[in-house]
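K.L.:
Input input_30.tsv, format and content: TSV, C-alpha atoms.
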```tsv
chain	number	residue	atom	x	y	z
A	1	MET	CA	-58.05	51.94	51.63
A	2	GLY	CA	-59.60	49.54	49.12
A	3	GLN	CA	-58.34	51.63	46.23
A	4	LYS	CA	-54.83	51.57	47.71
A	5	ILE	CA	-54.86	47.78	47.96
A	6	LYS	CA	-56.05	47.51	44.38
A	7	ARG	CA	-53.28	49.80	43.19
A	8	GLU	CA	-50.69	47.71	45.09
A	9	ASN	CA	-52.06	44.49	43.58
A	10	SER	CA	-51.94	46.01	40.11
A	11	PHE	CA	-48.37	47.13	40.72
A	12	ASP	CA	-47.38	43.64	41.91
A	13	THR	CA	-48.95	42.11	38.83
A	14	LEU	CA	-47.08	44.43	36.49
A	15	LEU	CA	-43.82	43.80	38.37
A	16	ASP	CA	-44.25	40.03	38.12
A	17	GLN	CA	-44.95	40.26	34.41
A	18	SER	CA	-41.89	42.43	33.87
A	19	LEU	CA	-39.63	40.09	35.83
A	20	ASN	CA	-40.95	37.06	33.99
A	21	LYS	CA	-40.16	38.68	30.66
A	22	GLN	CA	-36.59	39.35	31.82
A	23	GLY	CA	-36.08	35.76	33.01
A	24	HIS	CA	-36.32	36.63	36.73
A	25	GLY	CA	-39.62	34.96	37.40
A	26	ARG	CA	-40.60	32.76	40.22
A	27	PRO	CA	-38.33	29.92	41.37
A	28	ALA	CA	-40.60	27.23	39.92
A	29	ALA	CA	-40.60	28.86	36.51
A	30	ARG	CA	-36.84	29.33	36.62
A	31	ARG	CA	-36.31	25.68	37.56
A	32	ALA	CA	-38.58	24.53	34.73
A	33	GLY	CA	-36.67	26.69	32.26
A	34	LYS	CA	-33.33	25.36	33.43
A	35	ALA	CA	-34.56	21.76	33.28
A	36	ALA	CA	-35.81	22.27	29.74
A	37	SER	CA	-32.50	23.83	28.74
A	38	ARG	CA	-30.67	20.83	30.16
A	39	ILE	CA	-32.93	18.23	28.51
A	40	TRP	CA	-32.67	19.74	25.03
A	41	PRO	CA	-28.84	19.63	24.78
A	42	ARG	CA	-28.81	16.11	26.26
A	43	ARG	CA	-31.19	14.92	23.59
A	44	HIS	CA	-29.00	16.49	20.96
A	45	LEU	CA	-25.91	14.85	22.48
A	46	ARG	CA	-27.45	11.38	22.52
A	47	LEU	CA	-28.71	11.77	18.97
A	48	THR	CA	-25.33	13.02	17.76
A	49	LEU	CA	-23.42	10.17	19.43
A	50	SER	CA	-25.84	7.60	18.02
A	51	LEU	CA	-25.47	8.98	14.51
A	52	ILE	CA	-21.67	9.02	14.81
A	53	ILE	CA	-21.59	5.39	15.97
A	54	LEU	CA	-23.93	4.28	13.17
A	55	LEU	CA	-21.90	6.20	10.60
A	56	VAL	CA	-18.57	4.74	11.72
A	57	VAL	CA	-19.96	1.19	11.90
A	58	GLY	CA	-21.62	1.57	8.50
A	59	LEU	CA	-18.47	2.87	6.85
A	60	GLY	CA	-16.37	0.13	8.42
A	61	ALA	CA	-18.79	-2.56	7.26
A	62	SER	CA	-18.92	-1.10	3.76
A	63	VAL	CA	-15.13	-1.01	3.40
A	64	PHE	CA	-14.78	-4.55	4.76
A	65	ALA	CA	-17.50	-5.89	2.47
A	66	TRP	CA	-16.03	-4.13	-0.57
A	67	GLN	CA	-12.52	-5.43	0.11
A	68	ASN	CA	-13.70	-8.98	0.75
A	69	GLY	CA	-16.12	-9.37	-2.12
A	70	ILE	CA	-19.28	-9.73	-0.03
A	71	TRP	CA	-21.13	-7.22	-2.20
A	72	PHE	CA	-20.19	-8.80	-5.52
A	73	PRO	CA	-22.93	-11.15	-6.73
A	74	ALA	CA	-21.86	-14.32	-8.50
A	75	ALA	CA	-22.52	-14.12	-12.21
A	76	GLY	CA	-23.19	-17.03	-14.52
A	77	PRO	CA	-20.52	-18.23	-16.93
A	78	ASN	CA	-20.31	-16.17	-20.10
A	79	GLY	CA	-20.56	-19.08	-22.53
A	80	LEU	CA	-18.56	-22.31	-22.45
A	81	ARG	CA	-14.94	-21.20	-22.50
A	82	ALA	CA	-12.06	-23.06	-20.87
A	83	VAL	CA	-8.33	-22.56	-20.65
A	84	LEU	CA	-5.54	-25.01	-19.91
A	85	ILE	CA	-2.45	-23.26	-18.52
A	86	ASP	CA	0.40	-25.72	-18.86
A	87	GLY	CA	3.52	-24.58	-17.05
A	88	LEU	CA	4.32	-28.13	-15.95
A	89	SER	CA	5.34	-29.00	-19.51
A	90	VAL	CA	8.69	-27.32	-18.84
A	91	SER	CA	9.72	-30.40	-16.87
A	92	TYR	CA	6.85	-32.90	-17.37
A	93	PRO	CA	5.28	-32.58	-20.82
A	94	ASP	CA	2.19	-34.73	-21.37
A	95	PRO	CA	0.63	-34.22	-24.82
A	96	SER	CA	-1.86	-37.03	-24.23
A	97	PHE	CA	-3.29	-35.20	-21.22
A	98	THR	CA	-3.61	-31.97	-23.20
A	99	ASN	CA	-5.33	-33.74	-26.08
A	100	ASN	CA	-7.62	-35.68	-23.78
A	101	VAL	CA	-8.81	-32.60	-21.86
A	102	THR	CA	-9.25	-30.55	-25.03
A	103	LYS	CA	-11.22	-33.32	-26.75
A	104	THR	CA	-13.44	-33.93	-23.71
A	105	LEU	CA	-14.36	-30.29	-23.30
A	106	SER	CA	-14.76	-29.62	-27.02
A	107	SER	CA	-17.18	-32.53	-27.32
A	108	VAL	CA	-19.67	-30.78	-25.04
A	109	GLY	CA	-19.36	-27.36	-26.63
A	110	TYR	CA	-16.43	-25.73	-24.85
A	111	SER	CA	-14.05	-23.45	-26.66
A	112	VAL	CA	-10.65	-24.40	-25.23
A	113	ASP	CA	-7.58	-22.17	-25.16
A	114	TYR	CA	-4.11	-23.50	-24.44
A	115	ILE	CA	-1.35	-21.46	-22.78
A	116	GLY	CA	1.96	-23.28	-22.98
A	117	PRO	CA	5.18	-22.66	-21.05
A	118	ASP	CA	6.39	-20.04	-23.50
A	119	LYS	CA	3.41	-17.78	-22.71
A	120	PHE	CA	2.82	-18.60	-19.05
A	121	THR	CA	3.96	-15.42	-17.29
A	122	VAL	CA	3.01	-13.25	-14.33
A	123	ASP	CA	0.79	-11.27	-16.69
A	124	THR	CA	-1.17	-14.46	-17.37
A	125	PHE	CA	-2.51	-14.26	-13.82
A	126	ALA	CA	-2.86	-10.49	-13.96
A	127	ASN	CA	-5.27	-10.75	-16.92
A	128	LEU	CA	-6.88	-14.12	-16.21
A	129	PRO	CA	-10.11	-12.96	-14.47
A	130	SER	CA	-11.00	-10.65	-17.37
A	131	GLN	CA	-10.88	-13.33	-20.08
A	132	GLY	CA	-14.36	-14.77	-19.51
A	133	TYR	CA	-13.35	-18.39	-18.83
A	134	SER	CA	-15.88	-20.57	-17.04
A	135	LEU	CA	-13.29	-23.32	-16.42
A	136	VAL	CA	-9.62	-22.62	-15.66
A	137	ILE	CA	-7.18	-25.53	-15.38
A	138	ILE	CA	-3.74	-24.60	-14.05
A	139	ARG	CA	-1.18	-27.34	-14.64
A	140	ALA	CA	1.76	-25.84	-12.78
A	141	HIS	CA	4.13	-26.37	-9.89
A	142	THR	CA	3.20	-24.86	-6.55
A	143	ALA	CA	5.59	-24.22	-3.68
A	144	ASN	CA	5.57	-22.10	-0.53
A	145	SER	CA	1.96	-21.02	-1.09
A	146	ALA	CA	2.72	-19.72	-4.59
A	147	ILE	CA	2.04	-20.85	-8.16
A	148	ILE	CA	5.22	-21.04	-10.24
A	149	THR	CA	5.03	-19.57	-13.73
A	150	SER	CA	7.34	-20.28	-16.67
A	151	GLU	CA	8.69	-16.73	-16.76
A	152	PRO	CA	12.41	-16.63	-15.87
A	153	TYR	CA	13.12	-14.59	-12.77
A	154	ALA	CA	14.75	-11.16	-13.01
A	155	SER	CA	15.20	-8.88	-10.02
A	156	SER	CA	14.56	-5.81	-12.19
A	157	LYS	CA	11.01	-6.89	-13.13
A	158	TYR	CA	7.85	-6.50	-11.04
A	159	VAL	CA	9.87	-4.57	-8.46
A	160	PHE	CA	6.88	-3.24	-6.53
A	161	GLU	CA	5.20	-6.65	-6.50
A	162	GLN	CA	8.42	-8.23	-5.24
A	163	LEU	CA	8.78	-5.65	-2.47
A	164	ALA	CA	5.16	-6.29	-1.48
A	165	GLY	CA	5.77	-10.05	-1.39
A	166	ARG	CA	3.21	-10.75	-4.11
A	167	VAL	CA	5.69	-12.33	-6.52
A	168	SER	CA	8.94	-14.10	-5.69
A	169	PRO	CA	11.64	-16.28	-7.25
A	170	ALA	CA	11.18	-20.05	-7.17
A	171	THR	CA	12.79	-23.15	-8.62
A	172	ILE	CA	11.36	-26.42	-9.94
A	173	GLY	CA	14.37	-28.62	-9.29
A	174	THR	CA	16.61	-26.95	-11.84
A	175	PRO	CA	19.17	-24.12	-11.53
A	176	VAL	CA	16.80	-21.78	-13.38
A	177	GLU	CA	14.63	-19.53	-11.24
A	178	TYR	CA	11.11	-18.56	-12.27
A	179	PHE	CA	8.59	-16.03	-11.06
A	180	ALA	CA	5.96	-17.36	-8.67
A	181	VAL	CA	2.73	-15.54	-7.80
A	182	THR	CA	1.07	-15.64	-4.40
A	183	ALA	CA	-2.60	-15.65	-3.53
A	184	GLN	CA	-2.28	-11.99	-2.58
A	185	PHE	CA	-1.19	-11.17	-6.13
A	186	ILE	CA	-4.32	-12.80	-7.53
A	187	SER	CA	-6.67	-10.95	-5.20
A	188	SER	CA	-4.88	-7.59	-5.38
A	189	GLU	CA	-3.12	-7.29	-8.74
A	190	SER	CA	-5.25	-9.20	-11.24
A	191	HIS	CA	-7.73	-7.32	-13.42
A	192	GLY	CA	-11.42	-7.95	-14.02
A	193	ARG	CA	-13.57	-10.62	-12.43
A	194	PHE	CA	-14.32	-14.28	-13.02
A	195	GLN	CA	-17.93	-15.18	-13.69
A	196	ASN	CA	-18.60	-17.85	-11.07
A	197	SER	CA	-15.81	-19.85	-12.72
A	198	ILE	CA	-14.36	-23.19	-11.63
A	199	ILE	CA	-10.61	-23.06	-10.95
A	200	VAL	CA	-8.60	-26.30	-10.93
A	201	LEU	CA	-5.12	-26.22	-9.38
A	202	MET	CA	-3.18	-29.32	-10.41
A	203	GLY	CA	-0.03	-28.63	-8.41
A	204	CYS	CA	1.05	-29.89	-5.01
A	205	GLY	CA	-0.54	-28.24	-2.01
A	206	ASP	CA	-1.97	-28.58	1.46
A	207	PRO	CA	-5.37	-27.74	2.98
A	208	GLY	CA	-4.09	-24.32	4.05
A	209	ASP	CA	-2.89	-23.46	0.54
A	210	ARG	CA	-6.17	-24.63	-0.95
A	211	ALA	CA	-8.15	-22.41	1.42
A	212	THR	CA	-5.82	-19.44	0.81
A	213	PHE	CA	-5.96	-19.69	-2.98
A	214	GLY	CA	-9.67	-20.44	-2.79
A	215	ALA	CA	-10.28	-17.17	-0.95
A	216	ALA	CA	-8.08	-15.27	-3.42
A	217	PHE	CA	-9.92	-16.57	-6.48
A	218	VAL	CA	-13.28	-16.01	-4.78
A	219	ASP	CA	-12.20	-12.39	-4.26
A	220	LYS	CA	-12.07	-12.15	-8.04
A	221	GLY	CA	-15.45	-13.78	-8.64
A	222	ALA	CA	-14.66	-17.50	-8.88
A	223	GLY	CA	-17.34	-19.92	-7.70
A	224	TYR	CA	-15.12	-22.90	-6.84
A	225	LEU	CA	-11.49	-23.82	-6.42
A	226	ILE	CA	-10.45	-27.46	-6.70
A	227	GLY	CA	-6.99	-28.45	-5.51
A	228	PHE	CA	-4.89	-31.05	-3.74
A	229	ASP	CA	-4.28	-31.27	-0.02
A	230	ASN	CA	-0.75	-32.68	-0.32
A	231	SER	CA	2.01	-33.40	-2.80
A	232	VAL	CA	1.22	-35.35	-5.97
A	233	SER	CA	3.21	-36.77	-8.86
A	234	ALA	CA	2.78	-35.44	-12.40
A	235	GLN	CA	1.31	-38.73	-13.58
A	236	PHE	CA	-1.22	-38.83	-10.75
A	237	THR	CA	-2.42	-35.24	-11.14
A	238	ASP	CA	-2.85	-35.74	-14.90
A	239	SER	CA	-4.90	-38.89	-14.36
A	240	GLU	CA	-7.14	-37.47	-11.63
A	241	THR	CA	-7.66	-34.18	-13.45
A	242	SER	CA	-8.71	-36.04	-16.60
A	243	THR	CA	-11.34	-37.87	-14.54
A	244	LEU	CA	-12.43	-34.63	-12.91
A	245	VAL	CA	-12.78	-32.74	-16.20
A	246	SER	CA	-14.73	-35.60	-17.77
A	247	ALA	CA	-17.15	-35.62	-14.84
A	248	LEU	CA	-17.65	-31.85	-15.02
A	249	ALA	CA	-18.13	-31.99	-18.79
A	250	HIS	CA	-20.88	-34.60	-18.42
A	251	GLY	CA	-22.94	-32.41	-16.11
A	252	ASN	CA	-21.87	-33.56	-12.66
A	253	THR	CA	-21.69	-31.00	-9.89
A	254	VAL	CA	-18.34	-29.96	-8.48
A	255	GLN	CA	-18.93	-32.06	-5.39
A	256	GLU	CA	-19.87	-35.11	-7.45
A	257	SER	CA	-16.94	-34.61	-9.82
A	258	VAL	CA	-14.44	-34.31	-6.97
A	259	GLY	CA	-15.94	-37.47	-5.49
A	260	LEU	CA	-15.32	-39.33	-8.75
A	261	ALA	CA	-11.72	-38.07	-8.79
A	262	SER	CA	-11.08	-38.72	-5.12
A	263	GLY	CA	-8.16	-41.12	-5.44
A	264	SER	CA	-5.12	-40.63	-3.21
A	265	ASP	CA	-1.62	-40.38	-4.62
A	266	PRO	CA	0.05	-43.73	-3.81
A	267	VAL	CA	3.33	-42.05	-2.83
A	268	TYR	CA	2.53	-38.55	-1.54
A	269	HIS	CA	-1.12	-39.15	-0.55
A	270	GLY	CA	-2.41	-35.95	-2.13
A	271	GLN	CA	-6.16	-35.90	-2.77
A	272	PHE	CA	-8.56	-33.51	-4.48
A	273	GLY	CA	-10.85	-31.29	-2.44
A	274	PHE	CA	-12.67	-28.05	-3.15
A	275	VAL	CA	-13.51	-24.63	-1.75
A	276	VAL	CA	-16.88	-23.07	-2.58
A	277	ALA	CA	-17.42	-19.32	-2.74
A	278	SER	CA	-20.55	-19.35	-0.58
A	279	SER	CA	-18.68	-20.88	2.37
A	280	VAL	CA	-15.88	-18.31	2.04
A	281	LEU	CA	-18.33	-15.40	1.97
A	282	GLN	CA	-20.35	-16.87	4.84
A	283	GLN	CA	-17.24	-17.14	6.99
A	284	ARG	CA	-16.30	-13.58	6.10
A	285	THR	CA	-19.75	-12.38	7.11
A	286	VAL	CA	-19.36	-14.09	10.49
A	287	ASN	CA	-15.93	-12.49	10.89
A	288	LEU	CA	-17.38	-9.12	9.90
A	289	LEU	CA	-20.11	-9.31	12.53
A	290	SER	CA	-17.58	-10.39	15.14
A	291	GLN	CA	-15.27	-7.51	14.29
A	292	LEU	CA	-18.13	-5.02	14.27
A	293	SER	CA	-19.32	-6.13	17.71
A	294	LEU	CA	-15.79	-5.73	19.04
A	295	PHE	CA	-15.46	-2.35	17.33
A	296	VAL	CA	-18.76	-1.10	18.79
A	297	THR	CA	-17.76	-2.29	22.26
A	298	LEU	CA	-14.42	-0.52	22.06
A	299	GLY	CA	-16.07	2.60	20.67
A	300	PHE	CA	-18.60	2.59	23.51
A	301	LEU	CA	-15.82	2.28	26.07
A	302	LEU	CA	-13.78	5.04	24.44
A	303	LEU	CA	-16.76	7.38	24.25
A	304	PHE	CA	-18.43	6.74	27.58
A	305	GLY	CA	-15.52	5.46	29.67
A	306	PRO	CA	-13.99	8.91	30.27
A	307	LEU	CA	-17.45	10.42	30.85
A	308	SER	CA	-18.24	7.85	33.53
A	309	VAL	CA	-15.19	8.97	35.52
A	310	PHE	CA	-16.79	12.39	35.94
A	311	LEU	CA	-20.47	11.46	35.99
A	312	VAL	CA	-20.46	8.56	38.47
A	313	PRO	CA	-19.06	10.58	41.41
A	314	LYS	CA	-21.62	13.33	40.74
A	315	LEU	CA	-24.49	10.85	40.61
A	316	LEU	CA	-23.35	9.22	43.85
A	317	ALA	CA	-23.00	12.62	45.51
A	318	ARG	CA	-26.65	13.45	44.77
A	319	ARG	CA	-27.91	10.43	46.69
```
Translate the structure of the given file into structure tokens.

P.N.:
Amino acid sequence: MGQKIKRENSFDTLLDQSLNKQGHGRPAARRAGKAASRIWPRRHLRLTLSLIILLVVGLGASVFAWQNGIWFPAAGPNGLRAVLIDGLSVSYPDPSFTNNVTKTLSSVGYSVDYIGPDKFTVDTFANLPSQGYSLVIIRAHTANSAIITSEPYASSKYVFEQLAGRVSPATIGTPVEYFAVTAQFISSESHGRFQNSIIVLMGCGDPGDRATFGAAFVDKGAGYLIGFDNSVSAQFTDSETSTLVSALAHGNTVQESVGLASGSDPVYHGQFGFVVASSVLQQRTVNLLSQLSLFVTLGFLLLFGPLSVFLVPKLLARR
């Protein structure tokens, strides 16, 4: 009898071992195996979703930063080079202003180039960032958020840029139309980069135009943009710009120089102000973080919103 019981126990042991090898073990073992099989894919799913979200957010941030100049460090000026672009001489020539600015800058070591109306074209802006100027003075008309060149308008030129709204025809009070370039042209179509340069816009403007052009020139590496917040006369802009250039040449900061040239046009009330690159980039960083948070929230809702429709009823049913 004892031998029979032993044989039965041995048989049961062998049977259990065989069933366990085939995956037909005891209920507890089967439940543990199923639980482990469920946990492993879930861990993989969470890890995969996390990596996808990080990848998408990282790529979005990289593209935004690249397009908006956040990754481009400001470089120092490559020597003392300045340029005076004088499109206003078409209608308001002022040789004394030109001589005064050139003499002031030359006296402190600047090499000064002069671009008169006959050479002031759309290509002037296209190539401007690559010329290595640390100070750029643009004596030109501005209208409708665009800087007017001295290049006569022709519908057959710059066709793509015209269709994209980056250049357009404009007048300066005469029947002749000229090409005008927008801020978008400067940020998108110009070549090279400024080296933390100071840009002075002498034309009429408003605070919105100053901010728009400031952002465009910052996109191309400029450190500051100085411009008017309203209309100004030719005589007033020449006088204030002479004061501004003299202050800059004698070592004053941009803020101090603008303060010294802070007079208001007696007729149109235009006044100098400035945009600094650091404030533009800081605002863009804030906008980037805001957009990323919105993007992550929307992505979370898109990924987990549909899943919750199926999972919530199941979780409630288990209770």

K.L.:
Hey, can you check how far atom CA of A:Ala249 sits from atom CA of A:Gly205?

P.N.:
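Interatomic distance, atom CA of A:Ala249 to atom CA of A:Gly205: 24.6 Å.
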
K.L.:
At what distance in Å, to one decimal, does atom CA of A:Val267 lie from atom CA of A:Asn230?

P.N.:
10.5 Å

K.L.:
Compile the contact shell of A:Phe274 as a VMD selection string: residues with an atom at most 9 Å away, counting only C-alpha atoms, same-chain residues fewer than 4 positions apart removed.

P.N.:
chain A and resid 200 210 to 211 214 224 to 228 254 to 255 258

K.L.:
Up to 10 Å from (-4.7, -9.7, -13.8) in the file's coordinates: name the residues, counting only C-alpha atoms, as a list in words.

P.N.:
Val122, Asp123, Thr124, Phe125, Ala126, Asn127, Leu128, Pro129, Ser130, Gln131, Phe185, Ile186, Ser187, Ser188, Glu189, Ser190, His191, Gly192, Arg193 and Lys220 of chain A

K.L.:
Can you build me a table of stretch 151-234 of chain A residues sitting at most 9 Å from stretch 85-105 of chain A, with the closest atom pair per residue and its distance in Å to one decimal, using all atoms listed in the file, sorted by chain and residue number, as a tab-separated table?

P.N.:
```
residue	atom	partner	partner_atom	distance
A:Ile172	CA	A:Ser91	CA	8.2
A:Gly203	CA	A:Leu88	CA	8.7
A:Ala234	CA	A:Tyr92	CA	6.9
```

K.L.:
Which distance in Å separates atom CA of A:Ser246 and atom CA of A:Val136, to one decimal?

P.N.:
14.1 Å

K.L.:
Env of A:Thr182: 7 Å cut, atoms = only C-alpha atoms, seq-sep filter 3 positions within chain, self excluded. Answer as a PyMOL selection string.

P.N.:
chain A and resi 145-147+166-167+185-186

K.L.:
Give me the residues near A:Ser231 as a list in words, where near means some atom within 9 Å (using only C-alpha atoms) and where sequence neighbours in that chain fewer than 5 positions away do not count.

P.N.:
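In the requested form, the answer reads Gly203, Cys204, Gly205, Asp206, Asp265, Val267, Tyr268, His269, Gly270 and Gln271 of chain A.
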
K.L.:
Counting all atoms listed in the file, figure out which residue out of A:Ser106, A:Ser155, A:Gln184, A:Thr142 gets nearest to A:Thr171.

P.N.:
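Of A:Ser106, A:Ser155, A:Gln184, A:Thr142, the one nearest A:Thr171 is A:Thr142, counting all atoms listed in the file.
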
K.L.:
Considering all atoms listed in the file, state which residue in the set A:Thr149, A:Glu240, A:Asn252, A:Gln195 is at the smallest distance from A:Ala277.

P.N.:
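That would be A:Gln195, the residue with the smallest distance to A:Ala277.
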